[in-house]
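Here is target.txt, consisting of compact mmCIF, C-alpha atoms and all ligand atoms:
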# COMPACT_ATOMS: atom_id res chain seq x y z
CA MET D 39 102.68 86.08 104.02
CA LYS D 40 104.94 83.09 103.35
CA HIS D 41 108.51 84.39 103.21
CA ILE D 42 112.20 83.94 103.86
CA PHE D 43 114.17 86.47 105.92
CA GLN D 44 117.96 86.41 105.87
CA LYS D 45 119.77 88.86 108.11
CA GLY D 46 122.64 90.58 106.31
CA LYS D 47 126.22 90.90 107.52
CA ASP D 48 126.08 94.69 107.52
CA PRO D 49 123.12 96.28 109.41
CA SER D 50 123.68 99.63 107.66
CA LYS D 51 122.87 97.98 104.31
CA PRO D 52 119.32 97.98 102.90
CA THR D 53 116.87 95.11 103.16
CA LEU D 54 116.22 93.70 99.69
CA LEU D 55 112.54 92.84 99.19
CA LEU D 56 112.29 90.06 96.59
CA LEU D 57 109.07 89.64 94.61
CA HIS D 58 108.84 86.73 92.16
CA GLY D 59 107.00 86.42 88.84
CA THR D 60 103.78 84.46 88.21
CA GLY D 61 104.25 80.81 89.14
CA GLY D 62 107.34 81.54 91.20
CA THR D 63 108.11 81.23 94.88
CA GLU D 64 110.07 83.09 97.54
CA LYS D 65 113.13 81.04 96.57
CA ASP D 66 113.33 82.21 92.93
CA LEU D 67 115.08 85.56 93.25
CA LEU D 68 117.48 84.71 96.11
CA PRO D 69 120.43 84.42 93.66
CA LEU D 70 119.65 87.95 92.36
CA ALA D 71 119.94 89.40 95.86
CA GLY D 72 123.40 87.85 96.15
CA MET D 73 124.42 89.40 92.82
CA VAL D 74 123.15 92.86 93.79
CA ASP D 75 124.45 93.00 97.38
CA GLU D 76 125.65 89.92 99.22
CA ASP D 77 125.88 91.81 102.55
CA ALA D 78 122.30 93.14 102.58
CA SER D 79 119.41 91.59 104.48
CA VAL D 80 116.83 89.82 102.33
CA LEU D 81 113.07 89.55 102.74
CA SER D 82 111.68 87.32 100.01
CA VAL D 83 107.91 86.97 99.86
CA ARG D 84 105.52 84.56 98.15
CA GLY D 85 102.42 86.05 96.55
CA ASN D 86 99.17 85.24 98.38
CA VAL D 87 97.05 84.68 95.25
CA LEU D 88 96.90 81.40 93.33
CA GLU D 89 96.07 81.32 89.60
CA ASN D 90 95.66 77.69 88.51
CA GLY D 91 98.09 76.72 91.24
CA MET D 92 100.59 79.45 90.34
CA PRO D 93 101.46 81.99 93.06
CA ARG D 94 100.96 85.66 92.17
CA PHE D 95 100.78 88.92 94.09
CA PHE D 96 97.30 89.96 92.86
CA ARG D 97 94.50 88.63 90.67
CA ARG D 98 94.15 89.39 86.98
CA LEU D 99 91.10 89.13 84.75
CA ALA D 100 93.19 88.21 81.70
CA GLU D 101 96.81 88.46 80.55
CA GLY D 102 97.79 92.06 81.24
CA VAL D 103 94.31 93.01 82.57
CA PHE D 104 94.53 93.50 86.31
CA ASP D 105 91.78 93.05 88.89
CA GLU D 106 92.11 96.58 90.23
CA GLU D 107 90.20 95.99 93.45
CA ASP D 108 92.39 93.02 94.31
CA LEU D 109 95.53 94.93 93.28
CA ILE D 110 94.67 97.70 95.75
CA PHE D 111 93.85 95.19 98.52
CA ARG D 112 97.02 93.11 97.94
CA THR D 113 99.22 96.22 97.76
CA ALA D 114 97.92 97.32 101.18
CA GLU D 115 98.43 93.78 102.49
CA LEU D 116 102.07 93.76 101.29
CA LYS D 117 102.72 97.21 102.78
CA GLN D 118 101.35 96.04 106.15
CA PHE D 119 103.50 92.91 105.91
CA LEU D 120 106.58 95.12 105.36
CA ASP D 121 105.70 97.31 108.34
CA ASP D 122 105.16 94.24 110.56
CA SER D 123 108.30 92.47 109.32
CA ALA D 124 110.46 95.52 110.06
CA GLU D 125 109.35 95.30 113.69
CA GLN D 126 109.63 91.53 113.89
CA TYR D 127 113.09 91.29 112.30
CA ARG D 128 114.31 94.72 113.42
CA PHE D 129 115.37 96.08 110.05
CA ASP D 130 115.21 99.74 109.01
CA ARG D 131 111.76 100.22 107.43
CA GLN D 132 113.04 103.35 105.65
CA ASN D 133 115.76 101.38 103.90
CA VAL D 134 113.90 98.74 101.88
CA ILE D 135 114.77 98.22 98.21
CA ALA D 136 112.47 96.03 96.13
CA ILE D 137 113.70 93.68 93.43
CA GLY D 138 110.76 92.36 91.45
CA TYR D 139 110.25 90.44 88.23
CA SER D 140 107.10 90.60 86.08
CA ASN D 141 104.10 90.20 88.42
CA GLY D 142 106.46 90.92 91.35
CA ALA D 143 107.68 94.09 89.62
CA ASN D 144 104.05 95.09 89.09
CA ILE D 145 103.17 94.87 92.79
CA ALA D 146 106.38 96.78 93.63
CA ALA D 147 105.31 99.47 91.15
CA SER D 148 101.88 99.45 92.80
CA LEU D 149 103.50 100.08 96.21
CA LEU D 150 105.19 103.14 94.64
CA PHE D 151 101.93 104.29 93.02
CA HIS D 152 99.91 104.10 96.26
CA TYR D 153 102.25 104.87 99.18
CA GLN D 154 104.87 107.48 99.94
CA ASN D 155 108.03 106.01 101.52
CA ALA D 156 106.93 102.41 100.99
CA LEU D 157 110.26 101.74 99.26
CA LYS D 158 113.56 103.62 99.26
CA ALA D 159 114.35 102.30 95.80
CA ALA D 160 113.19 99.61 93.40
CA ILE D 161 114.67 97.40 90.71
CA LEU D 162 111.80 96.48 88.41
CA HIS D 163 112.43 93.74 85.83
CA HIS D 164 109.75 93.92 83.09
CA PRO D 165 107.10 95.90 84.97
CA MET D 166 103.84 97.26 83.53
CA VAL D 167 101.85 100.36 84.47
CA PRO D 168 99.95 98.99 87.52
CA ARG D 169 97.11 101.55 87.44
CA ARG D 170 96.10 104.55 85.38
CA GLY D 171 94.20 107.69 86.26
CA ILE D 172 95.40 108.13 89.83
CA GLU D 173 97.66 110.74 91.37
CA LEU D 174 100.92 109.26 92.62
CA PRO D 175 102.44 110.24 95.97
CA ASP D 176 105.51 112.47 95.94
CA LEU D 177 108.38 110.11 95.16
CA SER D 178 111.19 112.64 95.67
CA GLY D 179 114.30 110.78 96.83
CA THR D 180 113.09 107.43 95.41
CA SER D 181 115.35 105.80 92.83
CA ILE D 182 113.99 103.30 90.35
CA PHE D 183 115.68 101.02 87.84
CA ILE D 184 113.46 99.57 85.11
CA ALA D 185 114.66 96.75 82.86
CA ALA D 186 112.52 96.35 79.75
CA GLY D 187 112.64 94.27 76.58
CA THR D 188 112.21 95.85 73.15
CA ASN D 189 110.34 92.71 72.03
CA ASP D 190 108.43 91.98 75.22
CA PRO D 191 105.06 90.46 74.18
CA ILE D 192 103.56 91.14 77.63
CA CYS D 193 104.73 94.74 77.97
CA ALA D 194 105.01 96.97 74.88
CA SER D 195 107.93 99.42 74.87
CA GLU D 196 105.46 102.34 75.02
CA GLU D 197 104.19 100.99 78.34
CA SER D 198 107.73 100.97 79.77
CA THR D 199 108.30 104.59 78.74
CA GLU D 200 104.84 105.49 80.08
CA LEU D 201 105.76 103.96 83.45
CA GLN D 202 109.03 105.91 83.45
CA ALA D 203 107.17 109.16 82.68
CA LEU D 204 104.54 108.59 85.40
CA LEU D 205 107.22 107.90 88.02
CA GLU D 206 109.33 110.88 86.91
CA LYS D 207 106.27 113.13 87.05
CA ALA D 208 106.00 112.11 90.72
CA ASN D 209 109.66 113.24 91.15
CA ALA D 210 111.26 109.79 91.26
CA SER D 211 114.68 109.34 89.68
CA VAL D 212 114.28 106.65 87.01
CA LYS D 213 116.79 104.73 84.91
CA LEU D 214 115.25 102.77 82.04
CA HIS D 215 117.48 99.97 80.76
CA TRP D 216 116.67 98.22 77.47
CA GLU D 217 117.50 94.71 76.31
CA ASP D 218 116.80 93.58 72.74
CA ARG D 219 114.90 90.62 74.15
CA GLY D 220 111.42 89.62 75.28
CA HIS D 221 109.91 89.25 78.75
CA GLN D 222 112.69 87.06 80.13
CA LEU D 223 114.95 88.10 82.97
CA THR D 224 118.43 88.26 81.47
CA ALA D 225 121.83 88.02 83.14
CA ALA D 226 122.82 91.27 81.39
CA GLU D 227 119.95 93.24 82.95
CA VAL D 228 120.69 91.83 86.41
CA GLU D 229 124.31 92.95 85.95
CA ALA D 230 123.13 96.43 84.88
CA ALA D 231 120.83 96.58 87.92
CA ALA D 232 123.71 95.60 90.21
CA GLN D 233 125.88 98.39 88.73
CA TRP D 234 123.05 100.91 89.17
CA TYR D 235 122.61 99.76 92.80
CA GLN D 236 126.31 100.44 93.51
CA GLN D 237 125.74 104.11 92.69
CA LEU D 238 122.88 104.59 95.16
CA SER D 239 123.93 106.58 98.20
C1 LIG J 1 100.92 90.36 85.48
O1 LIG J 1 99.90 89.72 85.42
O2 LIG J 1 101.36 90.88 86.51
C2 LIG J 1 101.67 90.51 84.20
O3 LIG J 1 100.90 90.07 83.14
C3 LIG J 1 102.97 89.79 84.25
C4 LIG J 1 102.79 88.34 84.51
O4 LIG J 1 102.58 87.57 83.57
O5 LIG J 1 102.88 87.94 85.65
What does this structure look like when you write it as structure tokens?
Amino acid sequence: MKHIFQKGKDPSKPTLLLLHGTGGTEKDLLPLAGMVDEDASVLSVRGNVLENGMPRFFRRLAEGVFDEEDLIFRTAELKQFLDDSAEQYRFDRQNVIAIGYSNGANIAASLLFHYQNALKAAILHHPMVPRRGIELPDLSGTSIFIAAGTNDPICASEESTELQALLEKANASVKLHWEDRGHQLTAAEVEAAAQWYQQLS
């Protein structure tokens, strides 16, 4: 997958996996990584799917209607890419924390829904429920921060609380942060995510 890897100053720090929104690139979220932890390594990935020229991490049939088969395939592809990158760049595979926005948050959530130990933690800006009707792996020890908007036209507030409940049922520790805004990524929620990150052990 097309990506940027930046080795961090401190090898004991996590590797931050950056996953952009629809139409973004691997460059978009680099400033967020700096705000969350400037000493961590960064692996920023570009989605392999193109929708009218816009990069995404998996296909959709319509706004908010995911192509489930492609979602499953692309989630496996991203997991394999993480496994391979950990060997190539020699980072700790057990210490990867995703930061995703919108479509990038959705594929990060899909990693959590399909694989145990795919991510140590995740910061999900405006995620949706990636799939319904499946049993999640045991996510004990996995910490998740969700930033949601009370007026998000793409993700209703009930869907954010549903995602929280599904992850908590799988034993993840979830913090749901609300902004009185829409789908946009706000400076305030990035600041809240950075504060939450500081408390991770
Ligand atoms: C998705 O397709 O993943 C969601 O609708 C969010 C987005 O617009 O990318």
**OP:** Check the smallest atom-to-atom distance from each of D:Ala231, D:Leu223, D:Val103, D:Ala186 to ligand LIG 1 (chain J) using only C-alpha atoms and all ligand atoms, then report the winner.
**Re:**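 Nearest candidate to ligand LIG 1 (chain J) out of D:Ala231, D:Leu223, D:Val103, D:Ala186: D:Val103.
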Subject >> Pick from D:Val83, D:Leu174, D:Met92, D:Leu56, whichever lies nearest to D:Tyr139 using all atoms listed in the file >> reply: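 Selected residue with least distance to D:Tyr139: D:Leu56.
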Original post:
Residues within 6 Å of ligand LIG 1 (chain J) (all atoms listed in the file), as a list in words?
Top reply: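 Final answer, ordered by chain and number: Gly59, Thr60, Arg98, Glu101, Gly102, Ser140, Asn141 and Asn144 of chain D.
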Subject >> D:Thr180 surroundings by only C-alpha atoms, 7 Å radius, close-in-sequence under 6 positions cut, as a PyMOL selection string >> reply: chain D and resi 158-159+210-211
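The residue that comes closest to D:Lys117, out of D:Met39, D:Ala78, D:Ile161, D:Phe104 and on the basis of all atoms listed in the file, is D:Met39.
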